[in-house]
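Enquirer: Provided herewith: query-v1.pdb, PDB, C-alpha atoms.
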```
ATOM      1  CA  MET A   1       0.000   0.000   0.000
ATOM      2  CA  VAL A   2       1.388   3.420  -0.955
ATOM      3  CA  ALA A   3       0.723   5.843   1.891
ATOM      4  CA  ASP A   4      -0.305   9.486   1.639
ATOM      5  CA  LEU A   5       1.721  11.200   4.374
ATOM      6  CA  GLY A   6       3.954  14.097   5.176
ATOM      7  CA  LEU A   7       7.656  13.296   4.736
ATOM      8  CA  GLU A   8      10.902  14.506   6.187
ATOM      9  CA  ASN A   9      12.671  17.473   4.628
ATOM     10  CA  ASP A  10      16.032  15.650   4.341
ATOM     11  CA  VAL A  11      15.524  14.791   0.656
ATOM     12  CA  SER A  12      14.541  16.838  -2.360
ATOM     13  CA  THR A  13      11.029  16.991  -3.737
ATOM     14  CA  GLY A  14      12.321  15.461  -6.945
ATOM     15  CA  HIS A  15      13.721  12.440  -5.138
ATOM     16  CA  LEU A  16      10.493  11.991  -3.188
ATOM     17  CA  ARG A  17       8.525  12.195  -6.423
ATOM     18  CA  LEU A  18      10.738   9.466  -7.900
ATOM     19  CA  LEU A  19      10.277   7.291  -4.803
ATOM     20  CA  VAL A  20       6.496   7.563  -5.006
ATOM     21  CA  ARG A  21       6.424   6.987  -8.748
ATOM     22  CA  VAL A  22       8.541   3.829  -8.512
ATOM     23  CA  ALA A  23       6.499   2.575  -5.550
ATOM     24  CA  ARG A  24       3.192   3.090  -7.334
ATOM     25  CA  MET A  25       4.407   1.482 -10.538
ATOM     26  CA  TYR A  26       5.597  -1.593  -8.643
ATOM     27  CA  HIS A  27       2.945  -2.014  -5.927
ATOM     28  CA  GLU A  28      -0.179  -0.555  -7.524
ATOM     29  CA  GLN A  29       0.320  -1.164 -11.217
ATOM     30  CA  GLY A  30       2.177  -4.461 -10.914
ATOM     31  CA  ILE A  31       5.027  -3.440 -13.213
ATOM     32  CA  ARG A  32       8.174  -5.516 -12.782
ATOM     33  CA  GLN A  33      11.444  -3.921 -11.774
ATOM     34  CA  PRO A  34      13.210  -4.362 -15.176
ATOM     35  CA  ALA A  35      10.284  -2.648 -16.932
ATOM     36  CA  ILE A  36      10.331   0.197 -14.387
ATOM     37  CA  ALA A  37      14.044   0.661 -14.952
ATOM     38  CA  ALA A  38      13.580   0.760 -18.721
ATOM     39  CA  GLU A  39      10.690   3.211 -18.584
ATOM     40  CA  LEU A  40      12.420   5.621 -16.163
ATOM     41  CA  ASN A  41      15.828   5.128 -17.758
ATOM     42  CA  ILE A  42      17.490   4.120 -14.511
ATOM     43  CA  SER A  43      19.271   0.914 -13.501
ATOM     44  CA  GLN A  44      17.417  -2.050 -12.012
ATOM     45  CA  PRO A  45      19.606  -2.037  -8.847
ATOM     46  CA  ARG A  46      18.561   1.571  -8.325
ATOM     47  CA  VAL A  47      14.898   0.570  -8.652
ATOM     48  CA  SER A  48      15.462  -2.031  -5.929
ATOM     49  CA  ARG A  49      17.147   0.553  -3.691
ATOM     50  CA  LEU A  50      14.310   3.036  -4.239
ATOM     51  CA  LEU A  51      11.712   0.398  -3.318
ATOM     52  CA  ARG A  52      13.570  -0.412  -0.099
ATOM     53  CA  GLU A  53      13.860   3.286   0.709
ATOM     54  CA  ALA A  54      10.126   3.747   0.101
ATOM     55  CA  VAL A  55       9.429   1.105   2.741
ATOM     56  CA  LYS A  56      11.949   2.616   5.163
ATOM     57  CA  ARG A  57      10.428   6.091   4.830
ATOM     58  CA  GLY A  58       6.889   4.807   5.314
ATOM     59  CA  ILE A  59       5.783   5.578   1.769
ATOM     60  CA  VAL A  60       4.937   1.907   1.343
ATOM     61  CA  ARG A  61       3.258   0.078   4.208
ATOM     62  CA  THR A  62       2.344  -3.579   4.251
ATOM     63  CA  VAL A  63      -1.090  -4.454   5.596
ATOM     64  CA  VAL A  64      -2.201  -8.045   6.125
ATOM     65  CA  VAL A  65      -5.958  -8.408   5.626
ATOM     66  CA  LEU A  66      -7.367 -11.553   7.214
ATOM     67  CA  PRO A  67     -10.021 -13.521   5.315
ATOM     68  CA  LYS A  68     -13.185 -14.039   7.344
ATOM     69  CA  SER A  69     -12.467 -17.747   7.794
ATOM     70  CA  VAL A  70      -8.950 -17.178   9.198
ATOM     71  CA  HIS A  71      -8.523 -16.321  12.888
ATOM     72  CA  THR A  72      -4.784 -15.956  13.428
ATOM     73  CA  GLU A  73      -5.131 -13.149  15.983
ATOM     74  CA  LEU A  74      -7.433 -15.292  18.135
ATOM     75  CA  GLU A  75      -5.116 -18.272  17.684
ATOM     76  CA  GLU A  76      -2.138 -16.182  18.832
ATOM     77  CA  ARG A  77      -3.992 -14.958  21.930
ATOM     78  CA  LEU A  78      -4.930 -18.502  22.918
ATOM     79  CA  ARG A  79      -1.431 -19.759  22.245
ATOM     80  CA  HIS A  80       0.105 -17.175  24.555
ATOM     81  CA  ARG A  81      -2.611 -17.340  27.211
ATOM     82  CA  TYR A  82      -2.492 -21.115  27.638
ATOM     83  CA  GLY A  83       1.148 -21.728  26.747
ATOM     84  CA  LEU A  84       0.315 -23.838  23.687
ATOM     85  CA  ARG A  85       2.682 -24.723  20.842
ATOM     86  CA  ASP A  86      -0.005 -24.114  18.235
ATOM     87  CA  VAL A  87      -3.717 -23.432  17.857
ATOM     88  CA  VAL A  88      -5.951 -23.957  14.823
ATOM     89  CA  VAL A  89      -9.390 -22.345  14.924
ATOM     90  CA  VAL A  90     -11.875 -23.420  12.273
ATOM     91  CA  ASP A  91     -14.954 -21.362  11.403
ATOM     92  CA  THR A  92     -17.735 -23.903  11.016
ATOM     93  CA  GLN A  93     -20.325 -23.205   8.373
ATOM     94  CA  GLU A  94     -22.550 -25.925   9.770
ATOM     95  CA  SER A  95     -24.873 -25.549  12.740
ATOM     96  CA  THR A  96     -23.161 -25.335  16.111
ATOM     97  CA  GLN A  97     -24.352 -28.881  16.790
ATOM     98  CA  ASN A  98     -22.354 -30.313  13.900
ATOM     99  CA  VAL A  99     -18.773 -29.092  14.119
ATOM    100  CA  LEU A 100     -17.245 -32.503  13.433
ATOM    101  CA  PRO A 101     -16.854 -32.221   9.619
ATOM    102  CA  ALA A 102     -15.088 -28.869   9.836
ATOM    103  CA  LEU A 103     -12.844 -30.045  12.677
ATOM    104  CA  ALA A 104     -11.920 -33.181  10.772
ATOM    105  CA  SER A 105     -11.050 -31.218   7.626
ATOM    106  CA  ALA A 106      -8.911 -28.770   9.613
ATOM    107  CA  ALA A 107      -7.131 -31.648  11.330
ATOM    108  CA  VAL A 108      -6.383 -33.292   7.980
ATOM    109  CA  ASP A 109      -4.827 -30.058   6.685
ATOM    110  CA  TYR A 110      -2.763 -29.667   9.848
ATOM    111  CA  PHE A 111      -1.498 -33.242   9.824
ATOM    112  CA  ASP A 112      -0.643 -33.061   6.122
ATOM    113  CA  ALA A 113       1.513 -30.019   6.834
ATOM    114  CA  THR A 114       3.203 -31.264  10.014
ATOM    115  CA  PHE A 115       3.752 -35.017   9.744
ATOM    116  CA  ALA A 116       7.430 -35.620   9.132
ATOM    117  CA  GLY A 117       9.179 -38.712   7.900
ATOM    118  CA  GLY A 118       9.962 -41.060  10.767
ATOM    119  CA  ASP A 119       7.237 -39.859  13.140
ATOM    120  CA  VAL A 120       5.968 -42.344  15.706
ATOM    121  CA  ILE A 121       2.292 -41.475  16.027
ATOM    122  CA  GLY A 122       0.069 -42.388  18.948
ATOM    123  CA  ILE A 123      -3.700 -42.195  18.545
ATOM    124  CA  SER A 124      -6.445 -42.557  21.124
ATOM    125  CA  SER A 125      -8.398 -45.710  20.498
ATOM    126  CA  TRP A 126     -11.868 -44.328  20.135
ATOM    127  CA  SER A 127     -12.598 -40.753  19.152
ATOM    128  CA  GLU A 128     -15.497 -39.686  16.979
ATOM    129  CA  THR A 129     -13.548 -36.680  15.742
ATOM    130  CA  LEU A 130     -10.371 -38.610  14.975
ATOM    131  CA  LEU A 131     -12.384 -41.288  13.196
ATOM    132  CA  ALA A 132     -13.864 -38.603  10.929
ATOM    133  CA  THR A 133     -10.395 -37.115  10.445
ATOM    134  CA  VAL A 134      -8.787 -40.356   9.364
ATOM    135  CA  GLU A 135     -11.699 -41.087   7.009
ATOM    136  CA  ARG A 136     -10.943 -37.804   5.198
ATOM    137  CA  MET A 137      -7.195 -38.328   4.891
ATOM    138  CA  GLN A 138      -5.662 -39.252   1.567
ATOM    139  CA  PRO A 139      -2.920 -41.883   1.232
ATOM    140  CA  LYS A 140       0.606 -40.484   1.328
ATOM    141  CA  THR A 141       2.864 -41.042  -1.648
ATOM    142  CA  SER A 142       5.844 -41.602   0.646
ATOM    143  CA  GLN A 143       6.302 -42.852   4.172
ATOM    144  CA  VAL A 144       5.607 -40.086   6.699
ATOM    145  CA  ALA A 145       5.545 -42.232   9.845
ATOM    146  CA  ASP A 146       7.461 -45.183  11.208
ATOM    147  CA  ARG A 147       4.718 -46.521  13.478
ATOM    148  CA  VAL A 148       1.118 -45.739  14.419
ATOM    149  CA  MET A 149       0.460 -46.855  17.960
ATOM    150  CA  GLN A 150      -2.770 -47.425  19.842
ATOM    151  CA  LEU A 151      -2.714 -45.522  23.147
ATOM    152  CA  VAL A 152      -5.602 -47.219  24.948
ATOM    153  CA  GLY A 153      -7.084 -50.675  24.646
ATOM    154  CA  GLY A 154     -10.474 -51.206  23.031
ATOM    155  CA  VAL A 155     -13.343 -49.244  24.559
ATOM    156  CA  GLY A 156     -16.940 -50.390  24.975
ATOM    157  CA  SER A 157     -18.556 -53.272  23.139
ATOM    158  CA  PRO A 158     -16.666 -55.739  20.912
ATOM    159  CA  GLU A 159     -17.948 -53.795  17.898
ATOM    160  CA  ALA A 160     -16.390 -50.614  19.277
ATOM    161  CA  GLN A 161     -13.092 -52.392  19.856
ATOM    162  CA  VAL A 162     -13.103 -53.480  16.212
ATOM    163  CA  HIS A 163     -13.635 -49.850  15.169
ATOM    164  CA  ALA A 164     -10.690 -48.788  17.338
ATOM    165  CA  THR A 165      -8.471 -51.356  15.659
ATOM    166  CA  ARG A 166      -9.618 -50.182  12.232
ATOM    167  CA  LEU A 167      -8.812 -46.576  13.166
ATOM    168  CA  VAL A 168      -5.201 -47.466  13.963
ATOM    169  CA  SER A 169      -4.917 -49.725  10.912
ATOM    170  CA  ARG A 170      -6.251 -47.115   8.500
ATOM    171  CA  LEU A 171      -3.993 -44.334   9.783
ATOM    172  CA  ALA A 172      -1.028 -46.696   9.499
ATOM    173  CA  ASP A 173      -1.987 -47.553   5.914
ATOM    174  CA  LEU A 174      -2.389 -43.885   4.987
ATOM    175  CA  THR A 175       0.978 -42.901   6.421
ATOM    176  CA  ARG A 176       2.716 -46.099   5.252
ATOM    177  CA  ALA A 177       3.562 -46.934   8.844
ATOM    178  CA  ARG A 178       3.544 -50.100  10.918
ATOM    179  CA  PRO A 179       0.491 -50.428  13.203
ATOM    180  CA  ILE A 180       1.007 -51.301  16.875
ATOM    181  CA  PHE A 181      -2.053 -52.460  18.840
ATOM    182  CA  VAL A 182      -2.804 -52.817  22.542
ATOM    183  CA  PRO A 183      -3.949 -56.451  22.896
ATOM    184  CA  SER A 184      -6.354 -55.749  25.752
ATOM    185  CA  PRO A 185      -9.650 -54.077  26.643
ATOM    186  CA  GLY A 186      -9.297 -50.422  27.527
ATOM    187  CA  VAL A 187     -11.053 -50.806  30.868
ATOM    188  CA  VAL A 188     -11.105 -53.944  33.018
ATOM    189  CA  GLY A 189     -13.071 -55.028  36.061
ATOM    190  CA  ASN A 190     -10.630 -54.071  38.792
ATOM    191  CA  ALA A 191      -7.110 -52.828  39.475
ATOM    192  CA  SER A 192      -5.753 -56.336  40.110
ATOM    193  CA  ILE A 193      -6.754 -57.464  36.628
ATOM    194  CA  ARG A 194      -5.167 -54.346  35.134
ATOM    195  CA  ASP A 195      -1.934 -54.944  37.058
ATOM    196  CA  ALA A 196      -1.812 -58.557  35.903
ATOM    197  CA  LEU A 197      -2.389 -57.555  32.275
ATOM    198  CA  LEU A 198       0.444 -55.034  32.457
ATOM    199  CA  GLN A 199       2.801 -57.915  33.197
ATOM    200  CA  ASP A 200       1.871 -59.668  29.962
ATOM    201  CA  SER A 201       4.820 -59.718  27.575
ATOM    202  CA  ALA A 202       2.765 -58.559  24.574
ATOM    203  CA  ILE A 203       1.388 -55.553  26.441
ATOM    204  CA  ARG A 204       4.776 -54.734  27.949
ATOM    205  CA  GLY A 205       6.240 -54.766  24.446
ATOM    206  CA  VAL A 206       3.739 -52.067  23.393
ATOM    207  CA  MET A 207       4.285 -50.070  26.576
ATOM    208  CA  SER A 208       8.036 -49.901  25.963
ATOM    209  CA  GLN A 209       7.415 -48.387  22.518
ATOM    210  CA  TRP A 210       5.286 -45.569  23.940
ATOM    211  CA  ASN A 211       8.588 -43.990  24.941
ATOM    212  CA  ASP A 212       9.370 -43.566  21.210
ATOM    213  CA  LEU A 213       6.301 -41.443  20.452
ATOM    214  CA  THR A 214       6.957 -38.131  18.695
ATOM    215  CA  VAL A 215       3.311 -37.011  18.383
ATOM    216  CA  VAL A 216      -0.024 -38.092  19.839
ATOM    217  CA  LEU A 217      -3.453 -37.412  18.357
ATOM    218  CA  VAL A 218      -6.275 -37.422  20.856
ATOM    219  CA  GLY A 219      -9.859 -36.430  21.275
ATOM    220  CA  ILE A 220     -10.970 -34.654  24.432
ATOM    221  CA  GLY A 221     -13.909 -36.280  26.152
ATOM    222  CA  SER A 222     -16.435 -34.711  28.467
ATOM    223  CA  LEU A 223     -17.753 -36.531  31.527
ATOM    224  CA  GLU A 224     -20.947 -37.324  29.658
ATOM    225  CA  PRO A 225     -20.118 -39.903  26.978
ATOM    226  CA  SER A 226     -20.634 -39.048  23.332
ATOM    227  CA  PRO A 227     -23.643 -40.478  21.491
ATOM    228  CA  LEU A 228     -21.287 -42.709  19.536
ATOM    229  CA  LEU A 229     -19.800 -44.241  22.659
ATOM    230  CA  LEU A 230     -23.226 -44.637  24.228
ATOM    231  CA  SER A 231     -24.514 -46.518  21.204
ATOM    232  CA  SER A 232     -21.447 -48.724  21.105
ATOM    233  CA  GLY A 233     -21.497 -49.793  24.745
ATOM    234  CA  ASN A 234     -19.634 -47.091  26.615
ATOM    235  CA  ALA A 235     -17.076 -48.466  29.057
ATOM    236  CA  VAL A 236     -17.582 -45.630  31.566
ATOM    237  CA  SER A 237     -20.521 -46.967  33.547
ATOM    238  CA  GLN A 238     -23.092 -44.832  35.308
ATOM    239  CA  ALA A 239     -21.503 -45.713  38.647
ATOM    240  CA  ASP A 240     -18.084 -44.675  37.329
ATOM    241  CA  GLN A 241     -19.514 -41.409  36.063
ATOM    242  CA  GLU A 242     -21.052 -40.654  39.446
ATOM    243  CA  GLU A 243     -17.737 -41.344  41.200
ATOM    244  CA  LEU A 244     -15.822 -39.180  38.754
ATOM    245  CA  ARG A 245     -18.357 -36.359  38.977
ATOM    246  CA  ALA A 246     -18.160 -36.420  42.777
ATOM    247  CA  LEU A 247     -14.387 -36.070  42.501
ATOM    248  CA  GLY A 248     -14.752 -33.020  40.259
ATOM    249  CA  ALA A 249     -13.927 -34.585  36.896
ATOM    250  CA  VAL A 250     -14.891 -32.544  33.826
ATOM    251  CA  GLY A 251     -13.177 -34.395  30.977
ATOM    252  CA  ASP A 252     -10.624 -36.938  29.869
ATOM    253  CA  VAL A 253      -7.768 -37.641  27.504
ATOM    254  CA  CYS A 254      -7.090 -41.321  26.810
ATOM    255  CA  LEU A 255      -9.523 -42.190  29.654
ATOM    256  CA  HIS A 256      -7.457 -40.252  32.191
ATOM    257  CA  PHE A 257     -10.006 -37.935  33.810
ATOM    258  CA  PHE A 258      -9.094 -34.486  35.119
ATOM    259  CA  ASP A 259     -10.805 -31.684  37.036
ATOM    260  CA  ALA A 260     -11.503 -28.097  35.936
ATOM    261  CA  ALA A 261      -7.918 -27.085  36.697
ATOM    262  CA  GLY A 262      -6.575 -29.932  34.571
ATOM    263  CA  ARG A 263      -5.395 -31.994  37.540
ATOM    264  CA  LEU A 264      -5.594 -35.781  37.266
ATOM    265  CA  VAL A 265      -8.510 -37.196  39.252
ATOM    266  CA  ASP A 266      -7.369 -40.066  41.466
ATOM    267  CA  SER A 267     -10.237 -42.492  41.040
ATOM    268  CA  GLY A 268     -10.944 -46.186  41.103
ATOM    269  CA  PHE A 269     -11.746 -45.928  37.402
ATOM    270  CA  ASP A 270      -8.247 -44.660  36.583
ATOM    271  CA  GLN A 271      -6.782 -47.760  38.233
ATOM    272  CA  ARG A 272      -8.689 -49.956  35.774
ATOM    273  CA  VAL A 273      -7.541 -48.328  32.521
ATOM    274  CA  VAL A 274      -5.168 -50.256  30.266
ATOM    275  CA  GLY A 275      -3.333 -47.650  28.248
ATOM    276  CA  ILE A 276      -0.527 -45.146  28.174
ATOM    277  CA  ASP A 277       0.305 -43.798  31.619
ATOM    278  CA  VAL A 278       0.197 -40.108  32.428
ATOM    279  CA  ASP A 279       3.957 -39.561  32.632
ATOM    280  CA  ALA A 280       4.652 -41.260  29.300
ATOM    281  CA  PHE A 281       1.835 -39.296  27.671
ATOM    282  CA  ARG A 282       3.000 -35.929  28.969
ATOM    283  CA  SER A 283       6.576 -36.598  27.856
ATOM    284  CA  VAL A 284       5.525 -36.654  24.175
ATOM    285  CA  ARG A 285       6.720 -33.442  22.542
ATOM    286  CA  ARG A 286       3.660 -32.809  20.350
ATOM    287  CA  ARG A 287       0.274 -33.593  21.913
ATOM    288  CA  VAL A 288      -2.511 -32.683  19.508
ATOM    289  CA  GLY A 289      -6.081 -32.420  20.785
ATOM    290  CA  VAL A 290      -8.882 -32.271  18.206
ATOM    291  CA  ALA A 291     -12.181 -31.361  19.856
ATOM    292  CA  GLY A 292     -15.024 -28.890  19.586
ATOM    293  CA  GLY A 293     -18.653 -28.179  20.326
ATOM    294  CA  LEU A 294     -19.912 -26.081  23.197
ATOM    295  CA  ARG A 295     -20.754 -29.111  25.323
ATOM    296  CA  LYS A 296     -17.011 -29.770  25.561
ATOM    297  CA  VAL A 297     -15.856 -26.255  26.491
ATOM    298  CA  SER A 298     -15.137 -27.141  30.127
ATOM    299  CA  ALA A 299     -13.235 -30.285  29.179
ATOM    300  CA  ILE A 300     -11.191 -28.526  26.477
ATOM    301  CA  LYS A 301     -10.320 -25.632  28.766
ATOM    302  CA  ALA A 302      -9.219 -28.021  31.509
ATOM    303  CA  ALA A 303      -7.148 -30.040  29.032
ATOM    304  CA  VAL A 304      -5.182 -26.978  27.898
ATOM    305  CA  LYS A 305      -4.836 -25.584  31.416
ATOM    306  CA  GLY A 306      -3.522 -28.886  32.688
ATOM    307  CA  GLY A 307      -1.042 -29.344  29.849
ATOM    308  CA  TRP A 308      -2.654 -32.535  28.604
ATOM    309  CA  ILE A 309      -2.357 -31.165  25.089
ATOM    310  CA  ASN A 310      -0.085 -28.474  23.689
ATOM    311  CA  ILE A 311      -1.614 -28.201  20.215
ATOM    312  CA  LEU A 312      -5.343 -27.502  19.932
ATOM    313  CA  ILE A 313      -7.602 -27.801  16.901
ATOM    314  CA  THR A 314     -11.066 -26.512  17.728
ATOM    315  CA  ASP A 315     -14.008 -24.500  16.413
ATOM    316  CA  LEU A 316     -14.559 -20.746  16.566
ATOM    317  CA  GLN A 317     -17.246 -20.772  19.257
ATOM    318  CA  VAL A 318     -15.136 -22.830  21.639
ATOM    319  CA  ALA A 319     -12.084 -20.668  20.891
ATOM    320  CA  GLN A 320     -14.073 -17.524  21.691
ATOM    321  CA  GLN A 321     -15.192 -19.040  24.992
ATOM    322  CA  LEU A 322     -11.601 -19.917  25.874
ATOM    323  CA  ASP A 323     -10.556 -16.381  25.008
ATOM    324  CA  ALA A 324     -13.351 -14.771  27.039
ATOM    325  CA  ASP A 325     -13.077 -16.822  30.249
TER     326      ASP A 325
END
```
Rewrite the coordinates I just gave you, this time as structure tokens.
Expert:
Amino acid sequence: MVADLGLENDVSTGHLRLLVRVARMYHEQGIRQPAIAAELNISQPRVSRLLREAVKRGIVRTVVVLPKSVHTELEERLRHRYGLRDVVVVDTQESTQNVLPALASAAVDYFDATFAGGDVIGISSWSETLLATVERMQPKTSQVADRVMQLVGGVGSPEAQVHATRLVSRLADLTRARPIFVPSPGVVGNASIRDALLQDSAIRGVMSQWNDLTVVLVGIGSLEPSPLLLSSGNAVSQADQEELRALGAVGDVCLHFFDAAGRLVDSGFDQRVVGIDVDAFRSVRRRVGVAGGLRKVSAIKAAVKGGWINILITDLQVAQQLDAD
């Protein structure tokens, strides 16, 4: 943009006129530097110097105009406020009740841009949003991951466990990676069973590889199970929900429930989960949470406050709530 402003008196009017003329030819008329040099009968290096001087003197000012669907200022505020590595805010064109398609598309774009060759990817076993994300992904032409690892055993009914296995398998196929499964239910009857399972050589072999993770992809659950989990035989029973609610739980990541401040809730339920432990999860450098919808605002806010995730992909309404609170 060529500005209309008063200028210093340290240069002649003729020089200022030349600066403005060159700036307007280049920035407003789109004339290339060699053509400007030929028309004004000056050298191309001088044209370059004049353009730099026009910027330095404030004759030319660069203004970034944000498209309506891009919210980088909001993303920056959330990143600084919550200490996040990155934030992606998607403006959903659907009703506020159906943010999943837009979230999934945004997640696909983000993963396409950030997956690097050799990544070891962990993915939560059962997430409606991640399922939609993986369904939208296109196969990679080269290997972008070494392994795709299941983070929690199967959740809910046998049918749901099959879906969880398919989620890991499909992401591994798309990224040309090797799938690694947790050969166990996600939640068992009591802590003794869980402890015994963790001694199994097959499960221990998976657990040791969790230390290799470079990125994890997770949904963020609220205390009330999603319709998908309810229909599939949700593993968090009514009694478990009541216990967790009494302890102040508002949401979960990989079936680890936390309170409004993001602190892990020490519950009997947590002692029955077969999956990645909290310390191993938090040690992963990139922890990407994909979640949205106003019913999950409390859970998402707690997840970012507690450091469960450090990269957030969410919708505009949730982002505005996080910014306003």
Enquirer: Padding of 6 Å on every side, edges along x, y and z, all listed atoms of range 253-264 of chain A included: what centre and edge lengths in Å, to one decimal, does that box have, as lines of an AutoDock Vina configuration file?
Expert:
```
center_x = -8.4
center_y = -34.6
center_z = 32.2
size_x = 18.1
size_y = 27.1
size_z = 22.7
```
Enquirer: List as an MDAnalysis selection string: which residues have an atom within 10 Å of (-14.0, -42.6, 16.1), counting only C-alpha atoms?
Expert: chainID A and resid 124:135 160 163:164 166:167 219 228:229
Enquirer: Env of Arg79 in chain A: 12 Å cut, atoms = only C-alpha atoms, seq-sep filter 2 positions within chain, self excluded. Answer as a VMD selection string.
Expert: chain A and resid 72 to 77 81 to 89 304 to 305 309 to 313 319 322 to 323
Enquirer: Would you write out those residues with C-alpha atoms, as a CSV table (one decimal), in the frame of the given file?
Expert:
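Output below, filename again.csv:
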```csv
chain,number,residue,atom,x,y,z
A,72,THR,CA,-4.8,-16.0,13.4
A,73,GLU,CA,-5.1,-13.1,16.0
A,74,LEU,CA,-7.4,-15.3,18.1
A,75,GLU,CA,-5.1,-18.3,17.7
A,76,GLU,CA,-2.1,-16.2,18.8
A,77,ARG,CA,-4.0,-15.0,21.9
A,81,ARG,CA,-2.6,-17.3,27.2
A,82,TYR,CA,-2.5,-21.1,27.6
A,83,GLY,CA,1.1,-21.7,26.7
A,84,LEU,CA,0.3,-23.8,23.7
A,85,ARG,CA,2.7,-24.7,20.8
A,86,ASP,CA,0.0,-24.1,18.2
A,87,VAL,CA,-3.7,-23.4,17.9
A,88,VAL,CA,-6.0,-24.0,14.8
A,89,VAL,CA,-9.4,-22.3,14.9
A,304,VAL,CA,-5.2,-27.0,27.9
A,305,LYS,CA,-4.8,-25.6,31.4
A,309,ILE,CA,-2.4,-31.2,25.1
A,310,ASN,CA,-0.1,-28.5,23.7
A,311,ILE,CA,-1.6,-28.2,20.2
A,312,LEU,CA,-5.3,-27.5,19.9
A,313,ILE,CA,-7.6,-27.8,16.9
A,319,ALA,CA,-12.1,-20.7,20.9
A,322,LEU,CA,-11.6,-19.9,25.9
A,323,ASP,CA,-10.6,-16.4,25.0
```
Enquirer: Would you please work out which residue, of A:Ser222, A:Gln320, A:Thr175, A:Ser169, is nearest to Met137 in chain A when using only C-alpha atoms?
Expert: A:Thr175
Enquirer: Let me make sure I understand: among A:Pro185, A:Gly221, A:Gly262, A:Gly153, which one has the smallest atom-to-atom distance to Gly289 in chain A if we use only C-alpha atoms?
Expert: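 Residue with the minimum atom-to-atom distance to Gly289 in chain A: A:Gly221.
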